[in-house]
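Trainee: Just dropping this structure here.
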There are 2 protein chains.
Amino acid sequence: MTTVCVPTQDERDELGELPGGGRVVVWDGADAPAPDITDIDFLVGNYLGGPPSADAVRELAGLRVVQLLSAGVEPWLPLLPDGVTLCNGRGVHGGSTAELAVAGLLGLLRRLPEFAAAQHRGEWSPATADDLDGLPVLVLGAGDIGQRVAAALRVFDAQVTLVGRTARGDVRTLADVPALLPATRAVVVTVPLTEQTMGLVDAGFLAALPDGAMLVNVARGRIVDTEALLAELKRERLSAFLDVTDPEPLPPGHPLWSAPNVLVTPHVGGGTTGWRRRGYRLVREQLRRYAAGEPLLNVVSGGY
Amino acid sequence: MTTVCVPTQDERDELGELPGGGRVVVWDGADAPAPDITDIDFLVGNYLGGPPSADAVRELAGLRVVQLLSAGVEPWLPLLPDGVTLCNGRGVHGGSTAELAVAGLLGLLRRLPEFAAAQHRGEWSPATADDLDGLPVLVLGAGDIGQRVAAALRVFDAQVTLVGRTARGDVRTLADVPALLPATRAVVVTVPLTEQTMGLVDAGFLAALPDGAMLVNVARGRIVDTEALLAELKRERLSAFLDVTDPEPLPPGHPLWSAPNVLVTPHVGGGTTGWRRRGYRLVREQLRRYAAGEPLLNVVSGGY
């Protein structure tokens, strides 16, 4: 019989009854587990908090599956003994992150911050903006987030090029990017942070973009060289929408806060009200598979 | 041989050479036409200005077609003698208007104005926003604009219901709207202004929406009852994105400028940089059809 552990009572309520029976306990991982819950075999990671301590994890002798609701798994990898399967939350936050990228790109393109400033002054001041029709947009990352960004922008006839790890169909690779940049009017960064992507958007990358181009980053701050971007913003050559920054959180007084033509949001791409509903849709499917002995989705390491 | 009249030199340049030959003259309609251009048979209306006077139109004895680049035709209807075909610019502005509706809806939903205010203060203040996944959205108008809004929102799994003049497939009619409002979280207004739609979004319509619902108007200001909307905004029960207002332009000191939870842009849905390119793509197709004796597109009245 499965014992499932979820981190909060709200998530307990979202999970509902287990279809195949079994016990559900609530433990947020902040303190040592109570003795009556050390028989947990399926643990849902604390999305809003962090992982438990290594000591706490060692007490969970029956642990077989850890299901995270985040795309990233880095802090959990060193904690888990051999034989524990780690699954990530791929797909839980893709839609809302893609949505924020589109919101930010359209906001910049249609000059919404300028119109908001005019509204604040009580001034009706029409001004001509660009639109997406025919706009060449480069989307870095061809996973769930990148595909959704591309689909939404294509509704408005943008000319979207997707860049993925491997070329397939109309998906290009990082090797093609330098040749594409001079004709690109907007870049949307949706790739995971890896050795290959860290610092990918550096001074040379930005310099290759034409005047007036836009950068949107909803992935990880360290993919973009902050100093290089700041230099381009201060020259008023490029504009940017950043949901992630380096450093993060952006400290008070950091020059990005007040640079021209930049919108900064505090890493809210994934943390929308829908995450719990989508996350537990995934958890229920994983529990069904686990009970039926079927392969789990989104396996990152291990394999029971 | 056709004589085509366009209102500005920029538009003359955009038009290029006529495929079947013919003469192109530039006249903006503000003054009386010079004697050597009264043989115009195909006139492109002045999108950025207004129509010529009735006297000026009467001097154009050979006029057979007036092609507008706007969706609305009201000021031109009383000017044109029988036998002159009037065509509107349907499709020229749909994409950019739909794009602005999506930008405004996503901006409200993802709390971008609040994050912009936090940025202004230099504060990293994450806050949970809603997202489109499963959100019930009612799109009034099932033409080019409404269809594009629906397509973009569906990329993010919104539950979109389209309302058109006639029921077809999954398109509902205005008669269905009252029953749909209590479960609607966002309304996007894209319908033309007609006797049926004037004042459609009145106090009763707004009162039927649940707390926290959003109103987006990119159509015409007089479709929404401004006083009724102001009352709902001041109670902080609804939020709104308005690209069009009543009155328009919104005068200095009008309470909409400073009402809570409202974004106002100065009727910029259609006036993007792409209008000339898209407009003259339509004009060239119409001239080809005119020269070949084929039926014109977008005919509103008359018929040569």
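Labels for the structure tokens follow display order: chains A, B, ..., residues from 1 in each chain, ligands from 1.
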Can you list, as number ranges by chain, every protein, DNA or RNA residue that comes within 10 Å of Arg12 of chain A when you count only C-alpha atoms, leaving out same-chain residues fewer than 4 positions away?

Mentor: A: 4-8, 16-17, 24-26, 280

Trainee: Please extract the residues of segment 36-272 of chain A with a backbone DSSP assignment of helix (DSSP H, G or I) and present them as a VMD selection string.

Mentor: chain A and resid 36 to 37 54 to 58 74 to 79 94 to 109 112 to 120 144 to 155 174 to 183 203 to 207 221 to 223 226 to 234 255 to 258

Trainee: Given the choices A:Ser96, A:Ser70, A:Thr190, A:Thr166, which gets closest to chain B if the distance is worked out from only C-alpha atoms?

Mentor: A:Ser96

Trainee: Considering only C-alpha atoms, can you say which of B:Leu48, B:Leu250, B:Leu140, B:Leu287 comes closest to Thr128 of chain A?

Mentor: B:Leu48

Trainee: May I ask for the distance between atom CA of Gly104 of chain A and atom CA of Ala259 of chain A, given in Å to one decimal place?

Mentor: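 Interatomic distance, atom CA of Gly104 of chain A to atom CA of Ala259 of chain A: 16.4 Å.
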
Trainee: Output as a ChimeraX atom specification all residues of segment 27-223 of chain A that backbone DSSP marks as strand (DSSP E).

Mentor: /A:42-44,65-67,85-87,136-140,159-164,171-173,186-189,214-217

Trainee: Could you turn the residues from that selection into a file that holds C-alpha atoms, as a PDB file, in the first residue's frame?

Mentor:
ATOM      1  CA  PHE A  42       6.181   8.492  -2.631  1.00  0.00           C
ATOM      2  CA  LEU A  43       7.243  12.037  -1.685  1.00  0.00           C
ATOM      3  CA  VAL A  44       6.061  15.210  -3.430  1.00  0.00           C
ATOM      4  CA  VAL A  65       9.903   8.031  -5.680  1.00  0.00           C
ATOM      5  CA  VAL A  66      10.428  11.785  -5.308  1.00  0.00           C
ATOM      6  CA  GLN A  67       8.142  13.846  -7.534  1.00  0.00           C
ATOM      7  CA  THR A  85      13.527   7.674  -8.656  1.00  0.00           C
ATOM      8  CA  LEU A  86      13.509  11.455  -9.129  1.00  0.00           C
ATOM      9  CA  CYS A  87      10.882  12.978 -11.426  1.00  0.00           C
ATOM     10  CA  PRO A 136      11.466  37.885 -37.196  1.00  0.00           C
ATOM     11  CA  VAL A 137      11.548  36.314 -33.706  1.00  0.00           C
ATOM     12  CA  LEU A 138      14.148  33.828 -32.466  1.00  0.00           C
ATOM     13  CA  VAL A 139      12.943  31.505 -29.693  1.00  0.00           C
ATOM     14  CA  LEU A 140      15.803  29.778 -27.864  1.00  0.00           C
ATOM     15  CA  GLN A 159       8.181  34.872 -38.449  1.00  0.00           C
ATOM     16  CA  VAL A 160       9.315  32.568 -35.641  1.00  0.00           C
ATOM     17  CA  THR A 161      12.478  30.447 -35.681  1.00  0.00           C
ATOM     18  CA  LEU A 162      12.828  27.841 -32.917  1.00  0.00           C
ATOM     19  CA  VAL A 163      16.275  26.792 -31.676  1.00  0.00           C
ATOM     20  CA  GLY A 164      16.629  23.404 -29.954  1.00  0.00           C
ATOM     21  CA  VAL A 171      13.946  23.595 -35.455  1.00  0.00           C
ATOM     22  CA  ARG A 172      17.488  24.998 -35.783  1.00  0.00           C
ATOM     23  CA  THR A 173      20.426  24.544 -33.392  1.00  0.00           C
ATOM     24  CA  ALA A 186      13.180  39.780 -30.866  1.00  0.00           C
ATOM     25  CA  VAL A 187      14.889  36.971 -28.929  1.00  0.00           C
ATOM     26  CA  VAL A 188      12.920  34.905 -26.388  1.00  0.00           C
ATOM     27  CA  VAL A 189      15.065  32.808 -24.016  1.00  0.00           C
ATOM     28  CA  MET A 214      14.055  43.117 -27.935  1.00  0.00           C
ATOM     29  CA  LEU A 215      15.329  40.495 -25.493  1.00  0.00           C
ATOM     30  CA  VAL A 216      12.894  38.445 -23.387  1.00  0.00           C
ATOM     31  CA  ASN A 217      14.283  36.125 -20.683  1.00  0.00           C
TER      32      ASN A 217
END

Trainee: When you look at Pro52 of chain B with a cut-off of 9 Å (counting only C-alpha atoms), what residues show up, excluding the ones that are within fewer than 2 positions of it in the same chain? I need them as a JSON list (two decimals) with N, CA, C and O atoms, in the first residue's frame.

Mentor:
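Output file selection-v6.json is given in full below:
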[["chain", "number", "residue", "atom", "x", "y", "z"],
["B", 28, "ASP", "N", -4.69, 64.27, -50.93],
["B", 28, "ASP", "CA", -5.08, 63.85, -49.57],
["B", 28, "ASP", "C", -6.54, 64.15, -49.26],
["B", 28, "ASP", "O", -7.01, 63.81, -48.17],
["B", 29, "GLY", "N", -7.25, 64.80, -50.19],
["B", 29, "GLY", "CA", -8.67, 65.05, -49.98],
["B", 29, "GLY", "C", -8.98, 66.26, -49.12],
["B", 29, "GLY", "O", -10.16, 66.59, -48.93],
["B", 30, "ALA", "N", -7.96, 66.93, -48.60],
["B", 30, "ALA", "CA", -8.22, 68.06, -47.71],
["B", 30, "ALA", "C", -8.72, 69.28, -48.50],
["B", 30, "ALA", "O", -9.61, 69.99, -48.04],
["B", 31, "ASP", "N", -8.17, 69.51, -49.69],
["B", 31, "ASP", "CA", -8.59, 70.65, -50.51],
["B", 31, "ASP", "C", -9.32, 70.14, -51.75],
["B", 31, "ASP", "O", -9.44, 68.94, -51.95],
["B", 32, "ALA", "N", -9.76, 71.07, -52.61],
["B", 32, "ALA", "CA", -10.41, 70.66, -53.86],
["B", 32, "ALA", "C", -9.38, 69.95, -54.75],
["B", 32, "ALA", "O", -8.20, 70.27, -54.71],
["B", 45, "GLY", "N", -9.03, 55.88, -49.65],
["B", 45, "GLY", "CA", -9.39, 56.85, -48.62],
["B", 45, "GLY", "C", -8.20, 57.18, -47.72],
["B", 45, "GLY", "O", -7.29, 56.39, -47.55],
["B", 46, "ASN", "N", -8.27, 58.38, -47.14],
["B", 46, "ASN", "CA", -7.19, 58.87, -46.28],
["B", 46, "ASN", "C", -7.38, 58.29, -44.87],
["B", 46, "ASN", "O", -8.16, 58.80, -44.08],
["B", 50, "GLY", "N", -9.38, 62.46, -42.81],
["B", 50, "GLY", "CA", -10.80, 62.12, -42.96],
["B", 50, "GLY", "C", -11.16, 62.09, -44.44],
["B", 50, "GLY", "O", -10.27, 62.18, -45.30],
["B", 54, "ALA", "N", -18.11, 66.81, -49.63],
["B", 54, "ALA", "CA", -19.06, 66.32, -50.64],
["B", 54, "ALA", "C", -18.84, 67.04, -51.97],
["B", 54, "ALA", "O", -18.93, 66.44, -53.05],
["B", 55, "ASP", "N", -18.52, 68.35, -51.90],
["B", 55, "ASP", "CA", -18.25, 69.11, -53.13],
["B", 55, "ASP", "C", -17.07, 68.53, -53.89],
["B", 55, "ASP", "O", -17.10, 68.38, -55.11],
["B", 56, "ALA", "N", -16.01, 68.21, -53.14],
["B", 56, "ALA", "CA", -14.81, 67.67, -53.79],
["B", 56, "ALA", "C", -15.13, 66.33, -54.46],
["B", 56, "ALA", "O", -14.71, 66.07, -55.59],
["B", 57, "VAL", "N", -15.91, 65.50, -53.78],
["B", 57, "VAL", "CA", -16.24, 64.19, -54.34],
["B", 57, "VAL", "C", -17.05, 64.36, -55.63],
["B", 57, "VAL", "O", -16.85, 63.64, -56.61],
["B", 76, "TRP", "N", -18.04, 58.11, -44.79],
["B", 76, "TRP", "CA", -18.00, 58.10, -46.25],
["B", 76, "TRP", "C", -19.37, 57.82, -46.87],
["B", 76, "TRP", "O", -19.62, 58.22, -48.02],
["B", 79, "LEU", "N", -21.42, 60.50, -48.66],
["B", 79, "LEU", "CA", -20.71, 61.30, -49.67],
["B", 79, "LEU", "C", -20.78, 60.71, -51.07],
["B", 79, "LEU", "O", -20.56, 61.43, -52.05]]
